[in-house]
>>> print(open('model_17.csv').read())   # CSV, C-alpha atoms
chain,number,residue,atom,x,y,z
B,25,MET,CA,-10.0,30.2,-10.2
B,26,ASN,CA,-11.0,29.7,-13.9
B,27,TRP,CA,-11.1,26.4,-15.8
B,28,THR,CA,-7.7,27.1,-17.4
B,29,GLU,CA,-6.0,27.4,-14.0
B,30,GLN,CA,-7.9,24.3,-12.8
B,31,LEU,CA,-6.5,22.4,-15.8
B,32,VAL,CA,-3.0,23.6,-15.1
B,33,LEU,CA,-3.3,22.5,-11.5
B,34,LEU,CA,-4.6,19.1,-12.6
B,35,LEU,CA,-1.7,18.5,-15.0
B,36,VAL,CA,0.9,19.7,-12.6
B,37,SER,CA,-0.5,17.5,-9.8
B,38,LEU,CA,-0.7,14.5,-12.0
B,39,VAL,CA,2.9,14.7,-13.2
B,40,ALA,CA,4.2,15.6,-9.8
B,41,ASN,CA,2.5,12.7,-8.1
B,42,VAL,CA,3.3,10.1,-10.7
B,43,PHE,CA,7.0,10.8,-10.2
B,44,SER,CA,6.6,11.0,-6.4
B,45,ALA,CA,4.8,7.6,-6.2
B,46,PHE,CA,7.4,6.0,-8.5
B,47,ALA,CA,10.5,7.4,-6.7
B,48,GLY,CA,9.2,7.4,-3.1
B,49,GLY,CA,8.7,11.1,-2.5
B,50,GLY,CA,9.1,14.6,-4.0
B,51,ALA,CA,5.6,15.7,-5.1
B,52,GLY,CA,6.2,19.1,-3.7
B,53,LEU,CA,9.0,19.6,-6.3
B,54,LEU,CA,6.3,20.8,-8.8
B,55,GLN,CA,3.0,21.0,-7.0
B,56,PHE,CA,3.9,23.4,-4.1
B,57,PRO,CA,5.8,26.0,-6.2
B,58,ALA,CA,2.9,25.9,-8.7
B,59,LEU,CA,0.4,26.9,-6.0
B,60,ILE,CA,2.6,29.9,-5.0
B,61,PHE,CA,3.1,30.8,-8.7
B,62,LEU,CA,-0.7,30.9,-9.2
B,63,GLY,CA,-1.1,33.3,-6.3
B,64,LEU,CA,-1.4,31.5,-3.0
B,65,PRO,CA,0.6,32.8,0.1
B,66,PHE,CA,3.1,30.4,1.5
B,67,GLY,CA,1.1,29.3,4.5
B,68,VAL,CA,-2.1,28.8,2.5
B,69,ALA,CA,-0.2,27.0,-0.3
B,70,LEU,CA,1.5,24.7,2.3
B,71,ALA,CA,-1.8,23.7,3.9
B,72,THR,CA,-3.6,23.2,0.6
B,73,HIS,CA,-0.6,21.1,-0.7
B,74,LYS,CA,-0.6,18.9,2.4
B,75,ILE,CA,-4.3,18.0,2.0
B,76,ALA,CA,-3.8,17.3,-1.7
B,77,SER,CA,-0.9,15.0,-0.9
B,78,VAL,CA,-3.2,12.8,1.2
B,79,ALA,CA,-4.8,11.8,-2.1
B,80,LEU,CA,-1.4,10.6,-3.3
B,81,GLY,CA,-1.4,8.2,-0.4
B,82,VAL,CA,-4.9,7.0,-1.2
B,83,GLY,CA,-4.0,6.3,-4.8
B,84,ALA,CA,-0.8,4.5,-3.9
B,85,THR,CA,-2.5,2.6,-1.1
B,86,LEU,CA,-5.1,1.2,-3.5
B,87,ARG,CA,-2.3,-0.2,-5.7
B,88,HIS,CA,0.2,-1.4,-3.1
B,89,LEU,CA,-2.4,-3.2,-0.9
B,90,ARG,CA,-3.0,-5.6,-3.8
B,91,GLU,CA,0.6,-6.7,-3.6
B,92,LYS,CA,0.4,-7.4,0.2
B,93,SER,CA,4.0,-6.2,0.7
B,94,LEU,CA,3.4,-4.3,4.0
B,95,GLU,CA,4.0,-5.8,7.4
B,96,TRP,CA,1.3,-4.4,9.7
B,97,LYS,CA,3.4,-4.5,12.9
B,98,PHE,CA,6.2,-2.6,11.2
B,99,SER,CA,3.6,-0.2,9.7
B,100,LEU,CA,2.3,0.6,13.2
B,101,PHE,CA,5.8,1.2,14.4
B,102,ILE,CA,6.4,3.7,11.6
B,103,LEU,CA,3.2,5.5,12.4
B,104,ALA,CA,3.8,5.5,16.2
B,105,THR,CA,7.3,7.0,15.8
B,106,GLY,CA,6.7,9.4,12.9
B,107,LEU,CA,3.3,10.9,13.6
B,108,PRO,CA,4.3,12.8,16.8
B,109,GLY,CA,7.1,14.5,14.8
B,110,VAL,CA,4.7,15.4,12.0
B,111,VAL,CA,2.3,17.2,14.4
B,112,LEU,CA,5.2,18.9,16.1
B,113,GLY,CA,6.7,20.1,12.9
B,114,ALA,CA,3.3,21.3,11.4
B,115,ALA,CA,2.5,23.2,14.7
B,116,TYR,CA,5.6,25.3,14.5
B,117,ILE,CA,6.3,25.9,10.8
B,118,LEU,CA,3.9,28.7,10.3
B,119,ASP,CA,5.8,30.9,12.8
B,120,VAL,CA,9.4,29.9,11.8
B,121,PRO,CA,11.4,31.6,9.1
B,122,ASP,CA,12.5,28.8,6.8
B,123,ALA,CA,15.2,30.2,4.4
B,124,ILE,CA,18.2,28.7,6.3
B,125,ALA,CA,16.4,25.5,7.0
B,126,ARG,CA,15.5,25.1,3.3
B,127,VAL,CA,19.1,25.5,2.1
B,128,ALA,CA,20.4,23.1,4.7
B,129,LEU,CA,17.6,20.6,3.8
B,130,GLY,CA,18.4,21.0,0.1
B,131,ILE,CA,22.1,20.2,0.6
B,132,LEU,CA,21.2,17.2,2.7
B,133,THR,CA,18.6,16.0,0.1
B,134,ILE,CA,21.2,16.2,-2.7
B,135,GLY,CA,23.5,14.3,-0.4
B,136,ILE,CA,21.2,11.4,0.0
B,137,GLY,CA,20.7,11.1,-3.7
B,138,VAL,CA,24.5,11.1,-4.2
B,139,TYR,CA,24.9,8.6,-1.4
B,140,SER,CA,22.4,6.2,-3.0
B,141,PHE,CA,24.1,6.6,-6.4
B,142,LEU,CA,27.6,5.8,-5.0
B,143,HIS,CA,26.3,2.7,-3.2
B,144,LYS,CA,25.4,0.7,-6.2
B,145,LYS,CA,23.8,-2.3,-4.4
B,146,LEU,CA,21.9,-0.2,-1.8
B,147,GLY,CA,18.2,-1.1,-1.8
B,148,LEU,CA,18.3,-3.6,-4.6
B,149,GLU,CA,17.8,-6.6,-2.3
B,150,HIS,CA,15.5,-7.0,0.7
B,151,VAL,CA,17.8,-7.9,3.7
B,152,PRO,CA,16.0,-6.9,7.0
B,153,VAL,CA,18.5,-5.6,9.7
B,154,HIS,CA,18.3,-3.8,13.0
B,155,ARG,CA,15.2,-5.7,14.1
B,156,THR,CA,16.4,-5.6,17.8
B,157,ARG,CA,15.2,-3.4,20.6
B,158,ARG,CA,18.1,-1.1,20.2
B,159,GLY,CA,17.7,-1.1,16.4
B,160,TYR,CA,14.0,-0.2,16.7
B,161,ALA,CA,14.8,2.6,19.2
B,162,LEU,CA,17.4,4.2,17.0
B,163,GLY,CA,15.3,3.6,13.9
B,164,GLY,CA,12.3,5.1,15.6
B,165,ALA,CA,14.3,8.2,16.6
B,166,GLY,CA,15.3,8.7,12.9
B,167,LEU,CA,11.6,8.3,11.8
B,168,PHE,CA,10.6,11.0,14.4
B,169,VAL,CA,13.1,13.4,12.9
B,170,VAL,CA,11.9,12.7,9.4
B,171,GLY,CA,8.3,13.2,10.7
B,172,VAL,CA,9.2,16.7,12.0
B,173,LEU,CA,10.6,17.6,8.6
B,174,ASN,CA,7.5,16.1,6.9
B,175,GLY,CA,5.2,18.3,9.0
B,176,SER,CA,7.2,21.5,8.7
B,177,LEU,CA,8.6,21.4,5.1
B,178,THR,CA,7.1,20.9,1.7
B,179,SER,CA,9.4,19.1,-0.6
B,180,GLY,CA,11.3,15.8,-0.5
B,181,THR,CA,10.7,14.6,3.1
B,182,GLY,CA,9.1,11.4,1.9
B,183,LEU,CA,12.5,10.7,0.2
B,184,PHE,CA,14.2,10.8,3.6
B,185,CYS,CA,11.8,8.2,4.9
B,186,THR,CA,12.4,6.0,1.9
B,187,LEU,CA,16.2,6.1,2.2
B,188,TRP,CA,16.0,5.6,6.0
B,189,LEU,CA,13.9,2.5,5.6
B,190,VAL,CA,16.4,1.2,3.0
B,191,ARG,CA,19.6,2.2,4.9
B,192,TRP,CA,18.7,1.4,8.5
B,193,PHE,CA,16.1,-1.4,8.2
B,194,GLY,CA,17.5,-3.1,5.1
B,195,LEU,CA,14.4,-2.8,2.9
B,196,ASP,CA,14.7,-2.9,-0.9
B,197,TYR,CA,13.5,0.2,-2.7
B,198,ARG,CA,10.2,-1.3,-3.8
B,199,ARG,CA,9.1,-2.1,-0.2
B,200,ALA,CA,10.5,1.2,1.2
B,201,VAL,CA,8.5,3.2,-1.4
B,202,ALA,CA,5.4,1.2,-0.6
B,203,TYR,CA,5.7,2.1,3.1
B,204,THR,CA,6.5,5.7,2.3
B,205,LEU,CA,3.6,6.2,0.0
B,206,VAL,CA,1.0,4.4,2.2
B,207,LEU,CA,2.1,5.6,5.6
B,208,VAL,CA,3.7,8.9,4.9
B,209,GLY,CA,1.4,9.8,2.0
B,210,LEU,CA,-1.8,8.9,3.8
B,211,PHE,CA,-1.3,9.1,7.5
B,212,TRP,CA,1.7,11.5,8.0
B,213,ASN,CA,0.5,14.0,5.4
B,214,GLY,CA,-3.1,13.6,6.8
B,215,ALA,CA,-1.9,14.5,10.3
B,216,GLY,CA,0.1,17.5,8.9
B,217,ALA,CA,-2.9,18.6,6.8
B,218,ILE,CA,-5.3,18.5,9.8
B,219,THR,CA,-2.8,20.4,12.0
B,220,LEU,CA,-2.1,23.1,9.3
B,221,GLY,CA,-5.9,23.3,8.5
B,222,LEU,CA,-6.7,24.0,12.2
B,223,LEU,CA,-3.9,26.6,12.5
B,224,GLY,CA,-3.9,28.1,9.1
B,225,GLU,CA,-6.0,28.6,5.9
B,226,ILE,CA,-6.9,26.2,3.1
B,227,ARG,CA,-8.0,27.2,-0.4
B,228,TRP,CA,-10.8,24.7,-0.8
B,229,SER,CA,-11.7,25.8,-4.3
B,230,TRP,CA,-8.3,24.7,-5.6
B,231,LEU,CA,-8.5,21.2,-4.1
B,232,PRO,CA,-10.7,19.3,-6.6
B,233,ALA,CA,-8.1,19.4,-9.4
B,234,LEU,CA,-5.2,18.8,-7.0
B,235,LEU,CA,-7.0,15.8,-5.3
B,236,LEU,CA,-7.8,14.2,-8.7
B,237,GLY,CA,-4.3,14.6,-10.0
B,238,SER,CA,-2.8,13.3,-6.7
B,239,LEU,CA,-5.2,10.3,-6.6
B,240,VAL,CA,-4.6,9.2,-10.2
B,241,GLY,CA,-0.9,10.1,-10.2
B,242,GLY,CA,-0.4,8.1,-6.9
B,243,TYR,CA,-2.0,5.0,-8.4
B,244,LEU,CA,-0.1,5.2,-11.7
B,245,GLY,CA,3.2,5.9,-10.1
B,246,ALA,CA,2.8,3.0,-7.6
B,247,HIS,CA,1.8,0.7,-10.4
B,248,TRP,CA,4.9,1.5,-12.4
B,249,SER,CA,7.2,1.2,-9.4
B,250,ILE,CA,5.8,-2.4,-8.9
B,251,VAL,CA,6.2,-3.3,-12.5
B,252,LYS,CA,9.6,-1.7,-13.1
B,253,GLY,CA,11.4,-3.0,-10.0
B,254,ASN,CA,14.2,-1.9,-7.7
B,255,PHE,CA,16.8,-0.8,-10.2
B,256,TRP,CA,14.6,1.8,-11.9
B,257,ILE,CA,13.1,2.9,-8.6
B,258,LYS,CA,16.6,3.5,-7.3
B,259,ARG,CA,17.5,5.6,-10.3
B,260,ALA,CA,14.3,7.6,-10.1
B,261,PHE,CA,14.9,8.1,-6.4
B,262,GLU,CA,18.4,9.5,-7.1
B,263,ILE,CA,17.3,11.8,-9.8
B,264,VAL,CA,14.3,13.2,-7.8
B,265,THR,CA,16.4,13.8,-4.7
B,266,VAL,CA,19.0,15.9,-6.6
B,267,LEU,CA,16.2,17.9,-8.3
B,268,VAL,CA,14.3,18.5,-5.0
B,269,GLY,CA,17.6,19.5,-3.3
B,270,LEU,CA,18.5,21.9,-6.1
B,271,LYS,CA,15.0,23.4,-5.9
B,272,LEU,CA,15.3,23.9,-2.1
B,273,VAL,CA,18.8,25.5,-2.4
B,274,VAL,CA,18.0,27.8,-5.4
>>> encode(input="model_17.csv", output="structure tokens")
Amino acid sequence: MNWTEQLVLLLVSLVANVFSAFAGGGAGLLQFPALIFLGLPFGVALATHKIASVALGVGATLRHLREKSLEWKFSLFILATGLPGVVLGAAYILDVPDAIARVALGILTIGIGVYSFLHKKLGLEHVPVHRTRRGYALGGAGLFVVGVLNGSLTSGTGLFCTLWLVRWFGLDYRRAVAYTLVLVGLFWNGAGAITLGLLGEIRWSWLPALLLGSLVGGYLGAHWSIVKGNFWIKRAFEIVTVLVGLKLVV
């Protein structure tokens, strides 16, 4: 890979991860297709993208931990219920044709953006709900399903986690995005990257530019989400979900 291609990767990764960190997911909207466009096979591009996405979690973590907005017990719950699904999804994706799954996921992704838009007050206030044993059980089952999608697919699954935390557990968008970026970006993507790395191939020479763009983009996007607040995060979430959904369908 020459310096021009490295610069293209850096810019694409930076832009993709700024928007992802601000909206709570969707880095694969630009970054993953760029890897395929530049010549990587699907499986190699997926594994390489997953590793680069971990840097998004690192950058966002550095910013969000300064705000101390994460509850550690709730964070452990998200990890415990979601990580098994991530590993399961990553272990099977390389052997599964994904055309039908992508179209279905794309339609569903557009749907969650429209759902958020139609519910004007959704995620604008932090009102914790479903903090009972049954609520945690159903919420954990939902996070497991999102984890399977995160391990097996490339675009938009962080958005599902963000909306699930808002809709089921009553988080506002700012807190939900923080959980998604730190736990999904760092730990879920890390588990998926390790699994795909063991089972597939990673293009290591492409990673420096991707990691730098993801790290800086994650920090900047997280900073802007904290500064701008819930209304603008909600709007960005709705725009990104529709774009990711259209990309998956088309």
>>> closest_residue(input="model_17.csv", among="B:Ala47, B:Val110, B:Leu70, B:Leu235", to="B:Ala260", atoms="only C-alpha atoms")
B:Ala47
>>> closest_residue(input="model_17.csv", among="B:Leu107, B:Trp96, B:Ile102, B:Gly52", to="B:Ile75", atoms="all atoms listed in the file")
B:Gly52
>>> atom_distance(input="model_17.csv", atom1="atom CA of B:Val208", atom2="atom CA of B:Cys185")
8.1 Å
>>> atom_distance(input="model_17.csv", atom1="atom CA of B:Leu207", atom2="atom CA of B:Leu223")
22.9 Å
>>> residues_around(input="model_17.csv", residues="B:Leu234", least_positions_apart="4", cutoff="9 Å", atoms="all atoms listed in the file", output="list in words")
Gln30, Leu33, Leu34, Leu35, Val36, Ser37, Leu38, Gln55, Thr72, His73, Ala76, Ser77, Ala79, Trp230, Ser238 and Leu239 of chain B
>>> atom_distance(input="model_17.csv", atom1="atom CA of B:Tyr160", atom2="atom CA of B:Glu95")
14.8 Å
>>> closest_residue(input="model_17.csv", among="B:Arg198, B:Gly245, B:Ala71, B:Leu183", to="B:Gly137", atoms="all atoms listed in the file")
B:Leu183
>>> closest_residue(input="model_17.csv", among="B:Val68, B:Val264, B:Ala51, B:Leu31", to="B:Glu225", atoms="all atoms listed in the file")
B:Val68
>>> closest_residue(input="model_17.csv", among="B:Thr133, B:Leu148, B:Ala161, B:Pro65", to="B:Thr265", atoms="all atoms listed in the file")
B:Thr133
>>> residues_around(input="model_17.csv", residues="B:Leu80", least_positions_apart="3", cutoff="9 Å", atoms="all atoms listed in the file", output="ChimeraX atom specification")
/B:41-42,44-45,51,76-77,83-85,205-206,209-210,235,237-243
>>> write_last_selection(input="model_17.csv", atoms="C-alpha atoms", output="PDB file, keeping the file's coordinate frame")
ATOM      1  CA  ASN B  41       2.500  12.700  -8.100  1.00  0.00           C
ATOM      2  CA  VAL B  42       3.300  10.100 -10.700  1.00  0.00           C
ATOM      3  CA  SER B  44       6.600  11.000  -6.400  1.00  0.00           C
ATOM      4  CA  ALA B  45       4.800   7.600  -6.200  1.00  0.00           C
ATOM      5  CA  ALA B  51       5.600  15.700  -5.100  1.00  0.00           C
ATOM      6  CA  ALA B  76      -3.800  17.300  -1.700  1.00  0.00           C
ATOM      7  CA  SER B  77      -0.900  15.000  -0.900  1.00  0.00           C
ATOM      8  CA  GLY B  83      -4.000   6.300  -4.800  1.00  0.00           C
ATOM      9  CA  ALA B  84      -0.800   4.500  -3.900  1.00  0.00           C
ATOM     10  CA  THR B  85      -2.500   2.600  -1.100  1.00  0.00           C
ATOM     11  CA  LEU B 205       3.600   6.200   0.000  1.00  0.00           C
ATOM     12  CA  VAL B 206       1.000   4.400   2.200  1.00  0.00           C
ATOM     13  CA  GLY B 209       1.400   9.800   2.000  1.00  0.00           C
ATOM     14  CA  LEU B 210      -1.800   8.900   3.800  1.00  0.00           C
ATOM     15  CA  LEU B 235      -7.000  15.800  -5.300  1.00  0.00           C
ATOM     16  CA  GLY B 237      -4.300  14.600 -10.000  1.00  0.00           C
ATOM     17  CA  SER B 238      -2.800  13.300  -6.700  1.00  0.00           C
ATOM     18  CA  LEU B 239      -5.200  10.300  -6.600  1.00  0.00           C
ATOM     19  CA  VAL B 240      -4.600   9.200 -10.200  1.00  0.00           C
ATOM     20  CA  GLY B 241      -0.900  10.100 -10.200  1.00  0.00           C
ATOM     21  CA  GLY B 242      -0.400   8.100  -6.900  1.00  0.00           C
ATOM     22  CA  TYR B 243      -2.000   5.000  -8.400  1.00  0.00           C
TER      23      TYR B 243
END
>>> residues_around(input="model_17.csv", residues="B:Leu146", least_positions_apart="6", cutoff="10 Å", atoms="only C-alpha atoms", output="list in words")
Tyr139, Ser140, Leu187, Val190, Arg191, Gly194, Leu195, Asp196, Tyr197, Asn254, Phe255 and Lys258 of chain B
>>> closest_residue(input="model_17.csv", among="B:Thr156, B:Gly166, B:Thr204, B:Val32", to="B:Leu54", atoms="all atoms listed in the file")
B:Val32
>>> residues_near_point(input="model_17.csv", point="(10.4, 13.1, 2.2)", cutoff="8 Å", atoms="only C-alpha atoms", output="ChimeraX atom specification")
/B:48-50,170,173-174,179-186
>>> build_atoms(input="model_17.csv", residues="stretch 90-114 of chain B", atoms="N, CA, C and O atoms", output="mmCIF file, keeping the file's coordinate frame")
data_model
loop_
_atom_site.group_PDB
_atom_site.id
_atom_site.type_symbol
_atom_site.label_atom_id
_atom_site.label_comp_id
_atom_site.auth_asym_id
_atom_site.auth_seq_id
_atom_site.Cartn_x
_atom_site.Cartn_y
_atom_site.Cartn_z
ATOM 1 N N ARG B 90 -2.802 -4.365 -2.984
ATOM 2 C CA ARG B 90 -3.000 -5.600 -3.800
ATOM 3 C C ARG B 90 -1.784 -6.446 -3.822
ATOM 4 O O ARG B 90 -1.882 -7.661 -4.051
ATOM 5 N N GLU B 91 -0.597 -5.882 -3.561
ATOM 6 C CA GLU B 91 0.600 -6.700 -3.600
ATOM 7 C C GLU B 91 0.908 -7.311 -2.205
ATOM 8 O O GLU B 91 1.742 -8.204 -2.093
ATOM 9 N N LYS B 92 0.245 -6.851 -1.142
ATOM 10 C CA LYS B 92 0.400 -7.400 0.200
ATOM 11 C C LYS B 92 1.874 -7.411 0.653
ATOM 12 O O LYS B 92 2.372 -8.401 1.204
ATOM 13 N N SER B 93 2.567 -6.284 0.385
ATOM 14 C CA SER B 93 4.000 -6.200 0.700
ATOM 15 C C SER B 93 4.279 -5.484 2.014
ATOM 16 O O SER B 93 5.440 -5.304 2.367
ATOM 17 N N LEU B 94 3.240 -5.068 2.731
ATOM 18 C CA LEU B 94 3.400 -4.300 4.000
ATOM 19 C C LEU B 94 3.236 -5.234 5.189
ATOM 20 O O LEU B 94 2.278 -6.003 5.252
ATOM 21 N N GLU B 95 4.166 -5.143 6.158
ATOM 22 C CA GLU B 95 4.000 -5.800 7.400
ATOM 23 C C GLU B 95 3.276 -4.889 8.385
ATOM 24 O O GLU B 95 3.732 -3.774 8.642
ATOM 25 N N TRP B 96 2.152 -5.345 8.939
ATOM 26 C CA TRP B 96 1.300 -4.400 9.700
ATOM 27 C C TRP B 96 1.953 -3.992 11.010
ATOM 28 O O TRP B 96 1.804 -2.845 11.428
ATOM 29 N N LYS B 97 2.708 -4.865 11.657
ATOM 30 C CA LYS B 97 3.400 -4.500 12.900
ATOM 31 C C LYS B 97 4.440 -3.409 12.613
ATOM 32 O O LYS B 97 4.585 -2.441 13.363
ATOM 33 N N PHE B 98 5.174 -3.595 11.537
ATOM 34 C CA PHE B 98 6.200 -2.600 11.200
ATOM 35 C C PHE B 98 5.519 -1.301 10.726
ATOM 36 O O PHE B 98 6.027 -0.207 10.992
ATOM 37 N N SER B 99 4.373 -1.404 10.082
ATOM 38 C CA SER B 99 3.600 -0.200 9.700
ATOM 39 C C SER B 99 3.187 0.583 10.909
ATOM 40 O O SER B 99 3.300 1.823 10.935
ATOM 41 N N LEU B 100 2.695 -0.093 11.918
ATOM 42 C CA LEU B 100 2.300 0.600 13.200
ATOM 43 C C LEU B 100 3.465 1.246 13.841
ATOM 44 O O LEU B 100 3.346 2.335 14.415
ATOM 45 N N PHE B 101 4.626 0.603 13.776
ATOM 46 C CA PHE B 101 5.800 1.200 14.400
ATOM 47 C C PHE B 101 6.201 2.486 13.650
ATOM 48 O O PHE B 101 6.533 3.493 14.297
ATOM 49 N N ILE B 102 6.124 2.513 12.317
ATOM 50 C CA ILE B 102 6.400 3.700 11.600
ATOM 51 C C ILE B 102 5.451 4.843 11.908
ATOM 52 O O ILE B 102 5.841 6.005 12.075
ATOM 53 N N LEU B 103 4.178 4.489 12.048
ATOM 54 C CA LEU B 103 3.200 5.500 12.400
ATOM 55 C C LEU B 103 3.412 6.024 13.819
ATOM 56 O O LEU B 103 3.357 7.237 14.061
ATOM 57 N N ALA B 104 3.677 5.133 14.763
ATOM 58 C CA ALA B 104 3.800 5.500 16.200
ATOM 59 C C ALA B 104 5.039 6.430 16.384
ATOM 60 O O ALA B 104 5.004 7.348 17.219
ATOM 61 N N THR B 105 6.104 6.202 15.649
ATOM 62 C CA THR B 105 7.300 7.000 15.800
ATOM 63 C C THR B 105 7.323 8.261 14.987
ATOM 64 O O THR B 105 7.905 9.279 15.378
ATOM 65 N N GLY B 106 6.670 8.232 13.838
ATOM 66 C CA GLY B 106 6.700 9.400 12.900
ATOM 67 C C GLY B 106 5.621 10.408 13.149
ATOM 68 O O GLY B 106 5.863 11.613 13.026
ATOM 69 N N LEU B 107 4.400 9.977 13.503
ATOM 70 C CA LEU B 107 3.300 10.900 13.600
ATOM 71 C C LEU B 107 3.486 12.018 14.641
ATOM 72 O O LEU B 107 3.144 13.174 14.372
ATOM 73 N N PRO B 108 4.026 11.728 15.833
ATOM 74 C CA PRO B 108 4.300 12.800 16.800
ATOM 75 C C PRO B 108 5.190 13.906 16.203
ATOM 76 O O PRO B 108 4.986 15.101 16.423
ATOM 77 N N GLY B 109 6.201 13.492 15.443
ATOM 78 C CA GLY B 109 7.100 14.500 14.800
ATOM 79 C C GLY B 109 6.378 15.287 13.761
ATOM 80 O O GLY B 109 6.625 16.499 13.635
ATOM 81 N N VAL B 110 5.463 14.670 13.008
ATOM 82 C CA VAL B 110 4.700 15.400 12.000
ATOM 83 C C VAL B 110 3.878 16.511 12.627
ATOM 84 O O VAL B 110 3.878 17.665 12.172
ATOM 85 N N VAL B 111 3.151 16.173 13.693
ATOM 86 C CA VAL B 111 2.300 17.200 14.400
ATOM 87 C C VAL B 111 3.160 18.277 14.954
ATOM 88 O O VAL B 111 2.817 19.454 14.855
ATOM 89 N N LEU B 112 4.289 17.908 15.552
ATOM 90 C CA LEU B 112 5.200 18.900 16.100
ATOM 91 C C LEU B 112 5.706 19.857 15.051
ATOM 92 O O LEU B 112 5.696 21.085 15.220
ATOM 93 N N GLY B 113 6.166 19.308 13.934
ATOM 94 C CA GLY B 113 6.700 20.100 12.900
ATOM 95 C C GLY B 113 5.634 21.036 12.258
ATOM 96 O O GLY B 113 5.877 22.224 11.998
ATOM 97 N N ALA B 114 4.414 20.509 12.039
ATOM 98 C CA ALA B 114 3.300 21.300 11.400
ATOM 99 C C ALA B 114 2.877 22.411 12.376
ATOM 100 O O ALA B 114 2.474 23.492 11.930
#
